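Engineer: Structure file query04.cif (mmCIF, C-alpha atoms) is given on the next line.
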data_model
loop_
_atom_site.group_PDB
_atom_site.id
_atom_site.type_symbol
_atom_site.label_atom_id
_atom_site.label_comp_id
_atom_site.auth_asym_id
_atom_site.auth_seq_id
_atom_site.Cartn_x
_atom_site.Cartn_y
_atom_site.Cartn_z
ATOM 1 C CA MET U 1 -30.479 8.700 -53.207
ATOM 2 C CA LEU U 2 -31.603 10.161 -49.913
ATOM 3 C CA ASP U 3 -32.963 13.692 -49.761
ATOM 4 C CA SER U 4 -31.206 16.315 -47.679
ATOM 5 C CA PRO U 5 -32.930 17.216 -44.349
ATOM 6 C CA ALA U 6 -34.161 20.513 -45.804
ATOM 7 C CA VAL U 7 -35.700 18.818 -48.859
ATOM 8 C CA ALA U 8 -37.249 16.100 -46.702
ATOM 9 C CA GLN U 9 -38.804 18.698 -44.414
ATOM 10 C CA ARG U 10 -40.185 20.621 -47.410
ATOM 11 C CA LYS U 11 -41.738 17.454 -48.812
ATOM 12 C CA CYS U 12 -43.274 16.750 -45.437
ATOM 13 C CA PHE U 13 -44.819 20.220 -45.403
ATOM 14 C CA ASP U 14 -46.084 19.762 -48.953
ATOM 15 C CA VAL U 15 -48.264 16.817 -47.930
ATOM 16 C CA LEU U 16 -49.737 18.543 -44.905
ATOM 17 C CA PRO U 17 -53.487 19.178 -45.003
ATOM 18 C CA THR U 18 -54.261 22.706 -46.150
ATOM 19 C CA HIS U 19 -55.431 23.931 -42.744
ATOM 20 C CA LEU U 20 -52.229 22.669 -41.095
ATOM 21 C CA GLN U 21 -50.149 24.427 -43.714
ATOM 22 C CA LEU U 22 -52.046 27.619 -42.935
ATOM 23 C CA ILE U 23 -51.429 27.219 -39.202
ATOM 24 C CA ARG U 24 -47.746 26.563 -39.875
ATOM 25 C CA ASP U 25 -47.483 29.710 -41.986
ATOM 26 C CA CYS U 26 -49.378 31.819 -39.435
ATOM 27 C CA SER U 27 -47.020 30.696 -36.681
ATOM 28 C CA GLN U 28 -44.143 32.144 -38.696
ATOM 29 C CA LEU U 29 -45.627 35.598 -38.157
ATOM 30 C CA LEU U 30 -45.078 35.106 -34.419
ATOM 31 C CA TYR U 31 -41.794 33.221 -34.365
ATOM 32 C CA CYS U 32 -39.905 34.698 -37.316
ATOM 33 C CA SER U 33 -38.213 37.951 -36.283
ATOM 34 C CA SER U 34 -38.530 39.386 -39.804
ATOM 35 C CA PHE U 35 -42.318 39.591 -39.428
ATOM 36 C CA ARG U 36 -42.521 41.005 -35.888
ATOM 37 C CA ASP U 37 -43.156 44.744 -35.776
ATOM 38 C CA VAL U 38 -44.574 45.431 -32.304
ATOM 39 C CA SER U 39 -43.182 44.740 -28.852
ATOM 40 C CA PHE U 40 -45.248 44.337 -25.691
ATOM 41 C CA ILE U 41 -43.327 45.408 -22.590
ATOM 42 C CA CYS U 42 -44.626 43.158 -19.820
ATOM 43 C CA SER U 43 -43.862 43.185 -16.123
ATOM 44 C CA ASP U 44 -41.153 40.540 -16.508
ATOM 45 C CA GLY U 45 -40.068 40.630 -20.127
ATOM 46 C CA THR U 46 -40.826 41.580 -23.727
ATOM 47 C CA VAL U 47 -43.070 39.757 -26.172
ATOM 48 C CA GLN U 48 -42.911 40.546 -29.910
ATOM 49 C CA ALA U 49 -45.591 39.912 -32.507
ATOM 50 C CA ASN U 50 -47.045 40.995 -35.837
ATOM 51 C CA ARG U 51 -49.344 43.992 -35.413
ATOM 52 C CA ALA U 52 -51.629 43.356 -38.397
ATOM 53 C CA PHE U 53 -52.148 39.665 -37.639
ATOM 54 C CA LEU U 54 -53.135 40.341 -34.015
ATOM 55 C CA ALA U 55 -55.594 43.002 -35.163
ATOM 56 C CA ALA U 56 -57.139 40.551 -37.616
ATOM 57 C CA ARG U 57 -57.495 37.839 -34.955
ATOM 58 C CA SER U 58 -58.699 39.836 -31.945
ATOM 59 C CA GLU U 59 -60.963 42.819 -31.406
ATOM 60 C CA TYR U 60 -58.994 43.696 -28.296
ATOM 61 C CA PHE U 61 -55.713 43.959 -30.197
ATOM 62 C CA ARG U 62 -57.455 45.684 -33.095
ATOM 63 C CA GLY U 63 -58.602 48.426 -30.770
ATOM 64 C CA LEU U 64 -55.248 48.566 -28.995
ATOM 65 C CA LEU U 65 -53.061 48.663 -32.101
ATOM 66 C CA PHE U 66 -55.299 50.380 -34.694
ATOM 67 C CA GLY U 67 -57.990 52.095 -32.676
ATOM 68 C CA GLY U 68 -56.586 55.595 -32.502
ATOM 69 C CA LEU U 69 -55.017 55.126 -29.080
ATOM 70 C CA GLN U 70 -51.484 56.282 -28.432
ATOM 71 C CA GLU U 71 -50.277 52.672 -28.737
ATOM 72 C CA SER U 72 -51.407 52.527 -32.385
ATOM 73 C CA SER U 73 -48.469 54.687 -33.434
ATOM 74 C CA LEU U 74 -45.837 53.099 -31.198
ATOM 75 C CA ALA U 75 -43.498 50.200 -31.865
ATOM 76 C CA THR U 76 -43.628 49.285 -28.194
ATOM 77 C CA VAL U 77 -46.754 48.874 -26.052
ATOM 78 C CA ALA U 78 -46.566 48.826 -22.269
ATOM 79 C CA LEU U 79 -48.555 46.061 -20.539
ATOM 80 C CA SER U 80 -47.096 46.522 -17.091
ATOM 81 C CA GLN U 81 -49.760 44.422 -15.323
ATOM 82 C CA VAL U 82 -49.259 41.421 -17.612
ATOM 83 C CA LYS U 83 -46.634 38.684 -17.343
ATOM 84 C CA ALA U 84 -44.785 37.675 -20.489
ATOM 85 C CA GLY U 85 -45.416 33.911 -20.195
ATOM 86 C CA PRO U 86 -49.230 34.041 -20.108
ATOM 87 C CA LEU U 87 -49.277 36.611 -22.942
ATOM 88 C CA ARG U 88 -47.100 34.321 -25.083
ATOM 89 C CA LEU U 89 -49.603 31.502 -24.546
ATOM 90 C CA VAL U 90 -52.501 33.675 -25.691
ATOM 91 C CA LEU U 91 -50.575 34.889 -28.745
ATOM 92 C CA HIS U 92 -49.496 31.338 -29.542
ATOM 93 C CA TYR U 93 -53.138 30.272 -29.519
ATOM 94 C CA LEU U 94 -54.146 33.131 -31.829
ATOM 95 C CA HIS U 95 -51.557 31.910 -34.344
ATOM 96 C CA THR U 96 -51.892 28.130 -33.983
ATOM 97 C CA LEU U 97 -55.267 27.380 -32.291
ATOM 98 C CA ASP U 98 -53.320 25.371 -29.733
ATOM 99 C CA ILE U 99 -51.726 25.709 -26.300
ATOM 100 C CA LYS U 100 -48.292 24.325 -25.475
ATOM 101 C CA SER U 101 -47.610 24.468 -21.748
ATOM 102 C CA THR U 102 -47.493 22.324 -18.612
ATOM 103 C CA ASP U 103 -47.183 25.284 -16.234
ATOM 104 C CA VAL U 104 -50.524 25.360 -14.393
ATOM 105 C CA GLU U 105 -50.073 28.818 -12.865
ATOM 106 C CA GLU U 106 -49.050 30.280 -16.208
ATOM 107 C CA MET U 107 -52.053 28.687 -17.921
ATOM 108 C CA MET U 108 -54.442 30.063 -15.299
ATOM 109 C CA ASP U 109 -53.003 33.556 -15.765
ATOM 110 C CA ALA U 110 -53.351 33.106 -19.530
ATOM 111 C CA CYS U 111 -56.946 32.011 -18.998
ATOM 112 C CA GLU U 112 -57.601 35.273 -17.161
ATOM 113 C CA LEU U 113 -56.010 37.220 -20.029
ATOM 114 C CA ALA U 114 -58.117 35.383 -22.614
ATOM 115 C CA ARG U 115 -61.200 36.346 -20.640
ATOM 116 C CA GLN U 116 -60.106 39.990 -20.387
ATOM 117 C CA TYR U 117 -59.316 40.100 -24.110
ATOM 118 C CA SER U 118 -62.641 38.420 -25.027
ATOM 119 C CA ILE U 119 -61.072 35.388 -26.720
ATOM 120 C CA PRO U 120 -63.467 32.648 -25.539
ATOM 121 C CA ASP U 121 -62.014 29.892 -27.740
ATOM 122 C CA CYS U 122 -58.604 30.461 -26.189
ATOM 123 C CA GLU U 123 -60.097 30.351 -22.702
ATOM 124 C CA SER U 124 -61.881 27.071 -23.499
ATOM 125 C CA CYS U 125 -58.684 25.538 -24.854
ATOM 126 C CA LEU U 126 -56.798 26.555 -21.720
ATOM 127 C CA LEU U 127 -59.512 25.119 -19.479
ATOM 128 C CA ARG U 128 -59.266 21.773 -21.284
ATOM 129 C CA GLN U 129 -55.493 21.762 -20.829
ATOM 130 C CA LEU U 130 -55.851 22.673 -17.165
ATOM 131 C CA LYS U 131 -58.253 19.790 -16.571
ATOM 132 C CA ASP U 132 -55.630 17.404 -17.930
ATOM 133 C CA GLN U 133 -52.945 18.908 -15.692
ATOM 134 C CA ILE U 134 -55.129 18.695 -12.574
ATOM 135 C CA LEU U 135 -55.280 14.937 -13.028
ATOM 136 C CA LEU U 136 -51.496 14.670 -12.924
ATOM 137 C CA SER U 137 -50.214 16.074 -9.646
ATOM 138 C CA GLY U 138 -50.983 17.436 -6.208
ATOM 139 C CA THR U 139 -49.042 20.593 -7.014
ATOM 140 C CA ALA U 140 -51.392 21.256 -9.938
ATOM 141 C CA ILE U 141 -54.435 20.693 -7.710
ATOM 142 C CA SER U 142 -53.032 23.124 -5.160
ATOM 143 C CA THR U 143 -52.291 25.805 -7.759
ATOM 144 C CA VAL U 144 -55.816 25.550 -9.151
ATOM 145 C CA LEU U 145 -57.431 25.747 -5.704
ATOM 146 C CA ASP U 146 -55.226 28.717 -4.763
ATOM 147 C CA LYS U 147 -56.098 30.743 -7.863
ATOM 148 C CA ALA U 148 -59.554 29.541 -8.938
ATOM 149 C CA ALA U 149 -61.439 31.649 -6.395
ATOM 150 C CA SER U 150 -59.593 34.879 -7.212
ATOM 151 C CA LEU U 151 -60.052 34.269 -10.957
ATOM 152 C CA ALA U 152 -63.756 33.407 -10.547
ATOM 153 C CA MET U 153 -63.358 29.929 -12.053
ATOM 154 C CA PRO U 154 -65.668 27.783 -9.919
ATOM 155 C CA GLN U 155 -65.722 24.996 -12.514
ATOM 156 C CA LEU U 156 -61.978 24.477 -12.085
ATOM 157 C CA GLU U 157 -62.221 24.615 -8.304
ATOM 158 C CA LEU U 158 -64.955 21.982 -8.395
ATOM 159 C CA LEU U 159 -62.896 19.813 -10.725
ATOM 160 C CA ALA U 160 -59.875 20.060 -8.406
ATOM 161 C CA LEU U 161 -62.011 19.101 -5.403
ATOM 162 C CA GLU U 162 -63.448 16.148 -7.324
ATOM 163 C CA GLN U 163 -59.892 15.058 -8.061
ATOM 164 C CA CYS U 164 -59.094 15.353 -4.349
ATOM 165 C CA SER U 165 -62.059 13.105 -3.601
ATOM 166 C CA SER U 166 -60.739 10.412 -5.938
ATOM 167 C CA MET U 167 -57.141 10.609 -4.694
ATOM 168 C CA VAL U 168 -55.557 7.572 -3.094
ATOM 169 C CA ILE U 169 -54.490 8.925 0.296
ATOM 170 C CA THR U 170 -50.902 7.772 0.609
ATOM 171 C CA PRO U 171 -48.490 9.116 3.249
ATOM 172 C CA VAL U 172 -47.313 11.738 0.735
ATOM 173 C CA ALA U 173 -50.701 12.482 -0.872
ATOM 174 C CA PHE U 174 -50.705 16.149 0.182
ATOM 175 C CA GLN U 175 -47.139 16.994 -0.815
ATOM 176 C CA GLY U 176 -47.154 20.137 -2.955
ATOM 177 C CA PHE U 177 -50.369 21.467 -1.403
ATOM 178 C CA SER U 178 -50.420 24.996 -0.006
ATOM 179 C CA PRO U 179 -52.022 25.504 3.437
ATOM 180 C CA TYR U 180 -55.110 27.061 1.823
ATOM 181 C CA ALA U 181 -55.480 24.238 -0.700
ATOM 182 C CA LEU U 182 -55.098 21.588 1.996
ATOM 183 C CA ILE U 183 -57.704 23.245 4.228
ATOM 184 C CA LEU U 184 -60.106 23.402 1.284
ATOM 185 C CA CYS U 185 -59.408 19.788 0.383
ATOM 186 C CA LEU U 186 -60.001 18.565 3.942
ATOM 187 C CA SER U 187 -63.150 20.610 4.399
ATOM 188 C CA ALA U 188 -64.874 20.421 1.019
ATOM 189 C CA ALA U 189 -63.681 17.218 -0.659
ATOM 190 C CA HIS U 190 -65.099 13.799 0.207
ATOM 191 C CA LEU U 191 -61.876 11.956 0.937
ATOM 192 C CA LYS U 192 -62.264 8.209 0.631
ATOM 193 C CA ALA U 193 -59.819 7.145 3.332
ATOM 194 C CA SER U 194 -59.639 6.356 7.000
ATOM 195 C CA GLU U 195 -59.029 9.146 9.458
ATOM 196 C CA ALA U 196 -55.694 7.537 10.342
ATOM 197 C CA SER U 197 -54.557 7.623 6.695
ATOM 198 C CA ILE U 198 -55.573 11.256 6.331
ATOM 199 C CA LEU U 199 -53.807 12.078 9.593
ATOM 200 C CA GLU U 200 -50.581 10.425 8.451
ATOM 201 C CA ALA U 201 -50.656 12.353 5.166
ATOM 202 C CA VAL U 202 -51.325 15.644 6.988
ATOM 203 C CA ILE U 203 -48.449 14.999 9.437
ATOM 204 C CA ASN U 204 -46.048 14.287 6.577
ATOM 205 C CA TRP U 205 -47.276 17.474 4.882
ATOM 206 C CA GLY U 206 -46.521 19.344 8.116
ATOM 207 C CA LYS U 207 -43.006 17.877 8.275
ATOM 208 C CA GLN U 208 -42.394 19.123 4.739
ATOM 209 C CA GLN U 209 -43.539 22.590 5.780
ATOM 210 C CA LEU U 210 -41.063 22.498 8.671
ATOM 211 C CA ARG U 211 -38.244 21.555 6.303
ATOM 212 C CA ASN U 212 -39.161 24.539 4.124
ATOM 213 C CA SER U 213 -39.584 26.906 7.102
ATOM 214 C CA PRO U 214 -37.435 25.693 10.041
ATOM 215 C CA GLY U 215 -38.613 28.549 12.254
ATOM 216 C CA LEU U 216 -42.125 27.094 12.525
ATOM 217 C CA SER U 217 -43.310 24.473 14.990
ATOM 218 C CA MET U 218 -45.556 21.521 14.226
ATOM 219 C CA PRO U 219 -48.430 22.739 16.455
ATOM 220 C CA ASN U 220 -48.448 26.057 14.602
ATOM 221 C CA VAL U 221 -48.308 24.361 11.208
ATOM 222 C CA LEU U 222 -51.215 22.035 11.977
ATOM 223 C CA ALA U 223 -53.347 24.415 14.046
ATOM 224 C CA ASP U 224 -55.356 25.801 11.120
ATOM 225 C CA ILE U 225 -55.141 22.706 8.957
ATOM 226 C CA MET U 226 -56.887 20.044 10.945
ATOM 227 C CA PRO U 227 -58.489 21.055 14.237
ATOM 228 C CA LYS U 228 -59.028 17.421 15.194
ATOM 229 C CA VAL U 229 -55.287 16.742 15.108
ATOM 230 C CA LEU U 230 -53.820 17.094 18.604
ATOM 231 C CA TYR U 231 -50.138 17.468 19.327
ATOM 232 C CA GLY U 232 -48.397 16.521 22.533
ATOM 233 C CA ASP U 233 -45.184 14.885 23.742
ATOM 234 C CA GLN U 234 -43.947 14.597 20.143
ATOM 235 C CA SER U 235 -46.812 12.243 19.263
ATOM 236 C CA TYR U 236 -49.976 12.713 17.314
ATOM 237 C CA HIS U 237 -53.413 11.292 17.735
ATOM 238 C CA VAL U 238 -56.941 11.906 16.541
ATOM 239 C CA THR U 239 -59.897 12.262 18.847
ATOM 240 C CA PRO U 240 -62.300 9.933 17.035
ATOM 241 C CA TYR U 241 -66.019 10.307 16.835
ATOM 242 C CA GLY U 242 -66.170 6.547 17.273
ATOM 243 C CA THR U 243 -65.256 6.765 20.972
ATOM 244 C CA LYS U 244 -68.024 5.480 23.216
ATOM 245 C CA PHE U 245 -69.793 8.114 25.291
ATOM 246 C CA ASP U 246 -72.281 5.900 27.076
ATOM 247 C CA LYS U 247 -71.995 7.013 30.681
ATOM 248 C CA ASP U 248 -75.151 8.117 32.452
ATOM 249 C CA GLY U 249 -75.590 11.862 32.181
ATOM 250 C CA THR U 250 -73.464 12.286 29.041
ATOM 251 C CA ARG U 251 -74.699 15.305 27.083
ATOM 252 C CA VAL U 252 -74.223 15.218 23.315
ATOM 253 C CA THR U 253 -74.903 18.394 21.333
ATOM 254 C CA VAL U 254 -75.259 18.153 17.566
ATOM 255 C CA HIS U 255 -74.607 21.425 15.762
ATOM 256 C CA ILE U 256 -76.072 21.649 12.249
ATOM 257 C CA ASP U 257 -75.068 24.826 10.412
ATOM 258 C CA MET U 258 -77.190 25.019 7.274
ATOM 259 C CA ASP U 259 -75.491 28.213 6.094
ATOM 260 C CA ALA U 260 -72.105 26.475 6.008
ATOM 261 C CA ARG U 261 -73.710 23.047 5.331
ATOM 262 C CA GLN U 262 -71.693 21.528 8.189
ATOM 263 C CA CYS U 263 -72.423 19.217 11.097
ATOM 264 C CA SER U 264 -70.298 18.972 14.239
ATOM 265 C CA PHE U 265 -70.601 17.318 17.640
ATOM 266 C CA GLU U 266 -69.949 18.440 21.187
ATOM 267 C CA VAL U 267 -69.765 15.921 24.030
ATOM 268 C CA ASP U 268 -69.923 17.179 27.605
ATOM 269 C CA GLY U 269 -68.684 20.592 26.472
ATOM 270 C CA ILE U 270 -65.817 19.276 24.315
ATOM 271 C CA ASN U 271 -66.131 20.270 20.669
ATOM 272 C CA PHE U 272 -64.791 17.621 18.298
ATOM 273 C CA GLY U 273 -64.798 19.774 15.170
ATOM 274 C CA VAL U 274 -66.664 19.404 11.932
ATOM 275 C CA ALA U 275 -67.686 15.826 11.161
ATOM 276 C CA PHE U 276 -69.662 16.306 7.941
ATOM 277 C CA TRP U 277 -69.295 18.884 5.186
ATOM 278 C CA THR U 278 -71.477 19.820 2.219
ATOM 279 C CA LEU U 279 -74.766 18.750 3.790
ATOM 280 C CA PRO U 280 -77.758 18.617 1.429
ATOM 281 C CA ALA U 281 -80.161 21.539 1.269
ATOM 282 C CA GLN U 282 -82.613 19.696 3.528
ATOM 283 C CA VAL U 283 -81.821 17.382 6.427
ATOM 284 C CA TYR U 284 -84.150 15.258 8.554
ATOM 285 C CA PRO U 285 -82.660 14.674 12.033
ATOM 286 C CA ALA U 286 -83.308 11.255 13.564
ATOM 287 C CA VAL U 287 -82.242 10.295 17.087
ATOM 288 C CA SER U 288 -81.860 6.812 18.567
ATOM 289 C CA MET U 289 -81.246 6.482 22.326
ATOM 290 C CA ARG U 290 -81.495 4.018 25.132
ATOM 291 C CA TYR U 291 -84.494 4.041 27.446
ATOM 292 C CA GLY U 292 -84.380 7.040 29.722
ATOM 293 C CA GLY U 293 -82.512 9.300 27.316
ATOM 294 C CA LYS U 294 -83.835 12.726 26.453
ATOM 295 C CA VAL U 295 -83.621 14.784 23.305
ATOM 296 C CA LYS U 296 -84.226 18.458 22.693
ATOM 297 C CA PHE U 297 -84.279 20.295 19.335
ATOM 298 C CA ILE U 298 -83.331 23.967 19.342
ATOM 299 C CA THR U 299 -83.630 26.079 16.209
ATOM 300 C CA CYS U 300 -81.281 29.052 15.964
ATOM 301 C CA ILE U 301 -82.130 31.491 13.184
ATOM 302 C CA GLY U 302 -80.143 34.642 12.616
ATOM 303 C CA VAL U 303 -77.770 33.950 15.504
ATOM 304 C CA ASP U 304 -74.124 34.829 14.954
#
Would you mind writing the structure in this file as structure tokens?

Structural biologist:
Amino acid sequence: MLDSPAVAQRKCFDVLPTHLQLIRDCSQLLYCSSFRDVSFICSDGTVQANRAFLAARSEYFRGLLFGGLQESSLATVALSQVKAGPLRLVLHYLHTLDIKSTDVEEMMDACELARQYSIPDCESCLLRQLKDQILLSGTAISTVLDKAASLAMPQLELLALEQCSSMVITPVAFQGFSPYALILCLSAAHLKASEASILEAVINWGKQQLRNSPGLSMPNVLADIMPKVLYGDQSYHVTPYGTKFDKDGTRVTVHIDMDARQCSFEVDGINFGVAFWTLPAQVYPAVSMRYGGKVKFITCIGVD
């Protein structure tokens, strides 16, 4: 005779390892309304929890809910600067030692909360989840690049840039990127693709921006994104560094900015933009010219 669903579920719980049973029971304190006795009023919703359990799991909540502050005697606690979603993730971790989310922005906000509340294990768990999400989509990469700097998470920014460097640059590779994230990707990541492939992906990104904001024009969209992209007569082209400049009298100026770790070229007064990013701490210039050519090194220190 088959067991009823309720009996089968109870038997399944009975054979769970002890620590999993404990986690299951702790989660009931968060998700069973009978056990919730405090409400956090967030900027976009309300989150309920068990006061005593939070105090036992976190010094921050212990001080907030039992530390003699006004909130310790209230059934509702105002957290007007906190969003409900990120707070739920942090509380879920405190009850289950796990994070269940695929929302990158929400996880980054939760990571900031975990840092503010001094819950390092929660922050570490969120960072691991975020690393997995970064590998999945351009939108996730963009979200991380947009928020990592403001949240002081350089390790995530570096990881996102490394993922950019390993991306296959297809015509839609940059879809989902914000303007800031795309600029950072083009300037700081080592993209393994031809300039033509990168250009095509940037143009398609620009077309998507125009669909989202019809009032813009392509020159305006691309102006800050890729200085080497020129627009004219409804066509696009790149001014390549590979062009030959071998006429007598051609003057080539190499600009090496060691503060920004960038190298750019100027030919007969025309600046072709940055050619190399993230230069090493020390560089050793070497020049090869035809007979009759001249070279001059000028060091500029402290010049704006």

Engineer: I need the residue nearest Asn50 of chain U from this list: U:Gly63, U:Pro179, U:His95, U:Ala189. Use all atoms listed in the file for the distance.

Structural biologist: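 The closest residue to Asn50 of chain U is U:His95.
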
Engineer: What's the separation between atom CA of Ser142 of chain U and atom CA of Gln129 of chain U, in Å to one decimal place?

Structural biologist: 15.9 Å

Engineer: Residues within 10 Å of Val295 of chain U, please, as a ChimeraX atom specification. Count only C-alpha atoms; anything in the same chain fewer than 4 positions from it doesn't count.

Structural biologist: /U:251-253,287-289

Engineer: Would you write out, as a ChimeraX atom specification, every residue that the PyMOL selection byres ((chain U and resi 203) around 10) captures in this file?

Structural biologist: /U:171-172,174,197-202,204-209,218,221-222,226,229,236

Engineer: By how many Å are atom CA of Ala84 of chain U and atom CA of Asp44 of chain U apart?

Structural biologist: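 About the pair atom CA of Ala84 of chain U and atom CA of Asp44 of chain U: they are 6.1 Å apart.
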
Engineer: Rank U:Ala286, U:Ser80, U:Leu91, U:Thr96 by their smallest atom-to-atom distance to Gln21 of chain U, using all atoms listed in the file, and report the top residue only.

Structural biologist: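 Of U:Ala286, U:Ser80, U:Leu91, U:Thr96, the one nearest Gln21 of chain U is U:Thr96, counting all atoms listed in the file.
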
Engineer: Between U:Ala152, U:Ala75, U:Ile169, U:Ile23, single out the one closest to Ala196 of chain U, counting only C-alpha atoms.

Structural biologist: U:Ile169

Engineer: Restricting the calculation to all atoms listed in the file, which member of U:Val168, U:Met108, U:Thr76, U:Arg115 is positioned closest to Ser194 of chain U?

Structural biologist: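 Of U:Val168, U:Met108, U:Thr76, U:Arg115, the one nearest Ser194 of chain U is U:Val168, counting all atoms listed in the file.
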